[in-house]
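Below is one structure, written out as structure tokens, with a few remarks after it.
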Amino acid sequence: MTSTTEQLSATTLLRFATAGSVDDGKSTLVGRLLHDSKSVLTDQLEAVTQASLGRGQEAPDLALLTDGLRAEREQGITIDVAYRYFATARRRFILADTPGHVQYTRNMVTGASTAELAVVLVDARNGVVEQTRRHAAVAALLRVPHVVLAVNKMDLVAYAEPVFAAIAEEFTAYAASLGVPEITAIPISALAGDNVVEPSANMDWYGGPTVLEHLETVPVSHDLTGCHARFPVQYVIRPQTAEHPDYRGYAGQIAAGVFRVGESVTVLPSGRTTTIAGIDALGESVDIAWAPQSVTVRLADDIDVSRGDLLAPTDDAPAVTQDVGATVCHVADQPLSVGQRVLLKHTTRTVKAIVKDIPSRLTLDDLSQHPSPGRLVANDIGRVVVRTAEPLALDAYADSRRTGSFLLIDPADGTTLSAGMAGASFAEAALPGAGEDPADDDAEWDF
């Protein structure tokens, strides 16, 4: 008999995030998913039942399964990102339940940054609202490949197909204009359980999958071997023992692609070229390694390589630059201003930097650009140009979410200021010239 552990190890993993406006029923949907997929422990359900009775509710409020903070329970809203782990026979899931309020946009960015799918909820009575468009825009900005439109509370509109069809058409057109590659619309009632885990008997006009069925079957590719090969060096291993007097290895996790013994590689940012003499994985020598394996790479030449350097195939190395143009989501309470000194953390490399320019701030409601805002405040998304003290080897975020992302950090206390995505954003097409960074004509940098 196959054990449960063996079954789960053979299934794929899907990371997905939920988003929706306040009172769209997002937490109820998540609770319904957990409850109906038998992923709730008995004591958890009993605690929710007791809490619901204490609030005068006859049935368990499934939203309480995810709203864990006291402020969330009292206000009936989601504030922080809540991660939930559950599994079915077909797939394992990591769910990020993200807030719906405008002031918690940064929390949604955090939850969706590693997601392969985003579930955007819409109240069937209200249709597509500004916050719906904002969530679709964030999903597009973060290059989330699959978006599900869950039209909730269909029971309150008498399960009317025309209501669903109109909302689905409007949202699909908007999301497609942002470049979202796949949009799936599903009519549901999270409170009643219609089309969440079990097909609805009230909507025989709908022949598509339930939410859980779609989550279980949506194509998910964790295969990073087809991407540009990148190996950020995390640690230099030099034991200098009697057993290994000359051993010098460079340890880290392969961010993307495949590396082979004998392959010509370039060390960035120095640009020095050498070949891979050996690869050690789990204490044994191997001829080939791929993402996301953690390995130690040995090079044929004794060149200067240290933490923060990047190994890449010589014929496919990223460009090296000190002027980084990117879209950032500002996550700190303190603003980000032009001229501010920061630290930029990219993979295993952290360098000093200055915010050279903030060309624009993005208004997610209508994708308009507010030119030259001078600074970004919490939850703002905008274009920035950062000048680094040392060269960096970045990919465009559109090409690699791993090596195209970075953090801006306050050098005084280590606070994360902004999450950055290098290169162009979806908003480039929304306004002519919106993504063009100004010419580098300022010679007053002290780097």
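Residue numbers start at 1 in each chain; chains themselves are named A, B, ... in the order of the structure tokens; ligands are numbered from 1 in the order shown.
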
Env of stretch 131-144 of chain A: 9 Å cut, atoms = only C-alpha atoms, seq-sep filter 6 positions within chain, self excluded. Answer as a ChimeraX atom specification. /A:19-22,100-102,105,108-109,112-118,120-122,171,174-175,178-181,327,363-367,397-398,401,421,425-427

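Atom pair atom CA of A:Thr273 / atom CA of A:Gly252: separated by 18.9 Å.
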
Give me the residues within 9 Å of A:Tyr250 as an mmCIF file with N, CA and C atoms, in the first residue's frame, counting only C-alpha atoms and dropping any in the same chain fewer than 3 places off.
```
data_model
loop_
_atom_site.group_PDB
_atom_site.id
_atom_site.type_symbol
_atom_site.label_atom_id
_atom_site.label_comp_id
_atom_site.auth_asym_id
_atom_site.auth_seq_id
_atom_site.Cartn_x
_atom_site.Cartn_y
_atom_site.Cartn_z
ATOM 1 N N VAL A 233 26.618 32.981 -6.146
ATOM 2 C CA VAL A 233 27.526 32.377 -5.158
ATOM 3 C C VAL A 233 27.130 32.858 -3.762
ATOM 4 N N GLN A 234 26.898 31.889 -2.881
ATOM 5 C CA GLN A 234 26.495 32.227 -1.518
ATOM 6 C C GLN A 234 27.637 32.091 -0.516
ATOM 7 N N TYR A 235 28.532 31.152 -0.782
ATOM 8 C CA TYR A 235 29.573 30.868 0.212
ATOM 9 C C TYR A 235 30.778 30.247 -0.483
ATOM 10 N N VAL A 236 31.976 30.662 -0.071
ATOM 11 C CA VAL A 236 33.209 30.090 -0.605
ATOM 12 C C VAL A 236 33.716 29.030 0.370
ATOM 13 N N ILE A 237 33.901 27.811 -0.130
ATOM 14 C CA ILE A 237 34.359 26.701 0.702
ATOM 15 C C ILE A 237 35.843 26.474 0.445
ATOM 16 N N ARG A 238 36.635 26.706 1.463
ATOM 17 C CA ARG A 238 38.090 26.532 1.366
ATOM 18 C C ARG A 238 38.580 25.893 2.667
ATOM 19 N N VAL A 295 24.276 23.297 -4.731
ATOM 20 C CA VAL A 295 25.481 22.570 -5.117
ATOM 21 C C VAL A 295 26.717 23.399 -4.789
ATOM 22 N N THR A 296 27.866 22.759 -4.966
ATOM 23 C CA THR A 296 29.149 23.447 -4.897
ATOM 24 C C THR A 296 29.834 23.306 -6.249
ATOM 25 N N VAL A 297 30.197 24.430 -6.829
ATOM 26 C CA VAL A 297 30.840 24.441 -8.146
ATOM 27 C C VAL A 297 32.328 24.680 -7.979
ATOM 28 N N ARG A 298 33.121 23.847 -8.661
ATOM 29 C CA ARG A 298 34.575 24.036 -8.691
ATOM 30 C C ARG A 298 34.988 24.513 -10.075
ATOM 31 N N LEU A 299 35.875 25.518 -10.104
ATOM 32 C CA LEU A 299 36.286 26.129 -11.365
ATOM 33 C C LEU A 299 37.701 25.711 -11.734
ATOM 34 N N VAL A 305 36.610 34.944 -6.870
ATOM 35 C CA VAL A 305 35.163 34.749 -6.817
ATOM 36 C C VAL A 305 34.750 34.813 -5.352
ATOM 37 N N SER A 306 33.716 35.589 -5.045
ATOM 38 C CA SER A 306 33.276 35.723 -3.661
ATOM 39 C C SER A 306 31.757 35.768 -3.595
ATOM 40 N N ARG A 307 31.243 35.789 -2.369
ATOM 41 C CA ARG A 307 29.796 35.846 -2.162
ATOM 42 C C ARG A 307 29.219 37.049 -2.914
#
```

Filtered DSSP result for stretch 109-331 of chain A, state strand (DSSP E), as a ChimeraX atom specification: /A:117-123,146-152,182-187,231-232,235-237,249-253,258-260,264-268,272-281,284-286,288-290,294-299,310-313,320-330

Write down as a ChimeraX atom specification the residues belonging to stretch 152-324 of chain A that are assigned alpha helix (DSSP H) by DSSP computed on the backbone. /A:161-177,211-217

Atom pair atom CA of A:His244 / atom CA of A:Gly283: separation (Å): 13.5 Å

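Distance-wise, atom CA of A:Val220 and atom CA of A:Ala255 end up 17.8 Å apart.
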
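Compared by their closest atoms to A:Glu182, and using only C-alpha atoms, the residues A:Lys352, A:Val197, A:Pro391, A:Pro219 rank with A:Pro219 nearest.
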
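Residues within 9 Å of A:Trp290, counting only C-alpha atoms and excluding same-chain residues fewer than 2 positions away, are Leu224, Thr225, Ala229, Ile254, Ala255, Ala256, Gly257, Val258, Phe259, Arg260, Ile288, Pro292, Gln293 and Ser294 of chain A.
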
Could those residues be written to a file, using N, CA, C and O atoms, as an mmCIF file, in the first residue's frame?
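Result file is part32.cif:
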```
data_model
loop_
_atom_site.group_PDB
_atom_site.id
_atom_site.type_symbol
_atom_site.label_atom_id
_atom_site.label_comp_id
_atom_site.auth_asym_id
_atom_site.auth_seq_id
_atom_site.Cartn_x
_atom_site.Cartn_y
_atom_site.Cartn_z
ATOM 1 N N LEU A 224 12.673 25.050 -14.161
ATOM 2 C CA LEU A 224 13.483 26.237 -14.422
ATOM 3 C C LEU A 224 14.677 25.934 -15.314
ATOM 4 O O LEU A 224 15.495 26.802 -15.570
ATOM 5 N N THR A 225 14.734 24.679 -15.798
ATOM 6 C CA THR A 225 15.921 24.285 -16.575
ATOM 7 C C THR A 225 15.939 24.920 -17.952
ATOM 8 O O THR A 225 16.988 24.986 -18.583
ATOM 9 N N ALA A 229 20.626 30.139 -17.492
ATOM 10 C CA ALA A 229 21.315 29.535 -16.355
ATOM 11 C C ALA A 229 21.975 30.615 -15.496
ATOM 12 O O ALA A 229 22.730 31.448 -16.010
ATOM 13 N N ILE A 254 21.272 26.999 -7.385
ATOM 14 C CA ILE A 254 21.106 27.380 -8.786
ATOM 15 C C ILE A 254 19.750 28.072 -8.931
ATOM 16 O O ILE A 254 18.709 27.498 -8.619
ATOM 17 N N ALA A 255 19.770 29.322 -9.382
ATOM 18 C CA ALA A 255 18.537 30.103 -9.494
ATOM 19 C C ALA A 255 17.722 29.692 -10.703
ATOM 20 O O ALA A 255 16.490 29.720 -10.667
ATOM 21 N N ALA A 256 18.392 29.298 -11.779
ATOM 22 C CA ALA A 256 17.682 28.913 -13.000
ATOM 23 C C ALA A 256 18.653 28.198 -13.928
ATOM 24 O O ALA A 256 19.868 28.381 -13.845
ATOM 25 N N GLY A 257 18.091 27.362 -14.801
ATOM 26 C CA GLY A 257 18.901 26.741 -15.839
ATOM 27 C C GLY A 257 19.673 25.513 -15.403
ATOM 28 O O GLY A 257 19.462 24.953 -14.319
ATOM 29 N N VAL A 258 20.602 25.108 -16.260
ATOM 30 C CA VAL A 258 21.390 23.887 -16.079
ATOM 31 C C VAL A 258 22.872 24.219 -16.223
ATOM 32 O O VAL A 258 23.254 25.017 -17.085
ATOM 33 N N PHE A 259 23.691 23.616 -15.374
ATOM 34 C CA PHE A 259 25.146 23.769 -15.474
ATOM 35 C C PHE A 259 25.770 22.391 -15.637
ATOM 36 O O PHE A 259 25.339 21.417 -15.009
ATOM 37 N N ARG A 260 26.824 22.321 -16.472
ATOM 38 C CA ARG A 260 27.495 21.052 -16.762
ATOM 39 C C ARG A 260 29.001 21.197 -16.564
ATOM 40 O O ARG A 260 29.575 22.271 -16.809
ATOM 41 N N ILE A 288 26.225 17.079 -13.996
ATOM 42 C CA ILE A 288 25.228 18.067 -14.372
ATOM 43 C C ILE A 288 24.389 18.426 -13.154
ATOM 44 O O ILE A 288 24.164 17.589 -12.272
ATOM 45 N N PRO A 292 16.182 23.822 -8.841
ATOM 46 C CA PRO A 292 16.738 24.697 -7.805
ATOM 47 C C PRO A 292 17.710 23.962 -6.876
ATOM 48 O O PRO A 292 17.661 24.151 -5.657
ATOM 49 N N GLN A 293 18.561 23.111 -7.413
ATOM 50 C CA GLN A 293 19.487 22.348 -6.578
ATOM 51 C C GLN A 293 20.498 23.259 -5.890
ATOM 52 O O GLN A 293 20.914 24.272 -6.446
ATOM 53 N N SER A 294 20.894 22.854 -4.683
ATOM 54 C CA SER A 294 21.985 23.520 -3.967
ATOM 55 C C SER A 294 23.242 22.694 -4.172
ATOM 56 O O SER A 294 23.266 21.496 -3.847
#
```

Could you check which of A:Leu212, A:Ala17, A:Ala173, A:Ala160 is closest to A:Pro145, using only C-alpha atoms? A:Ala17
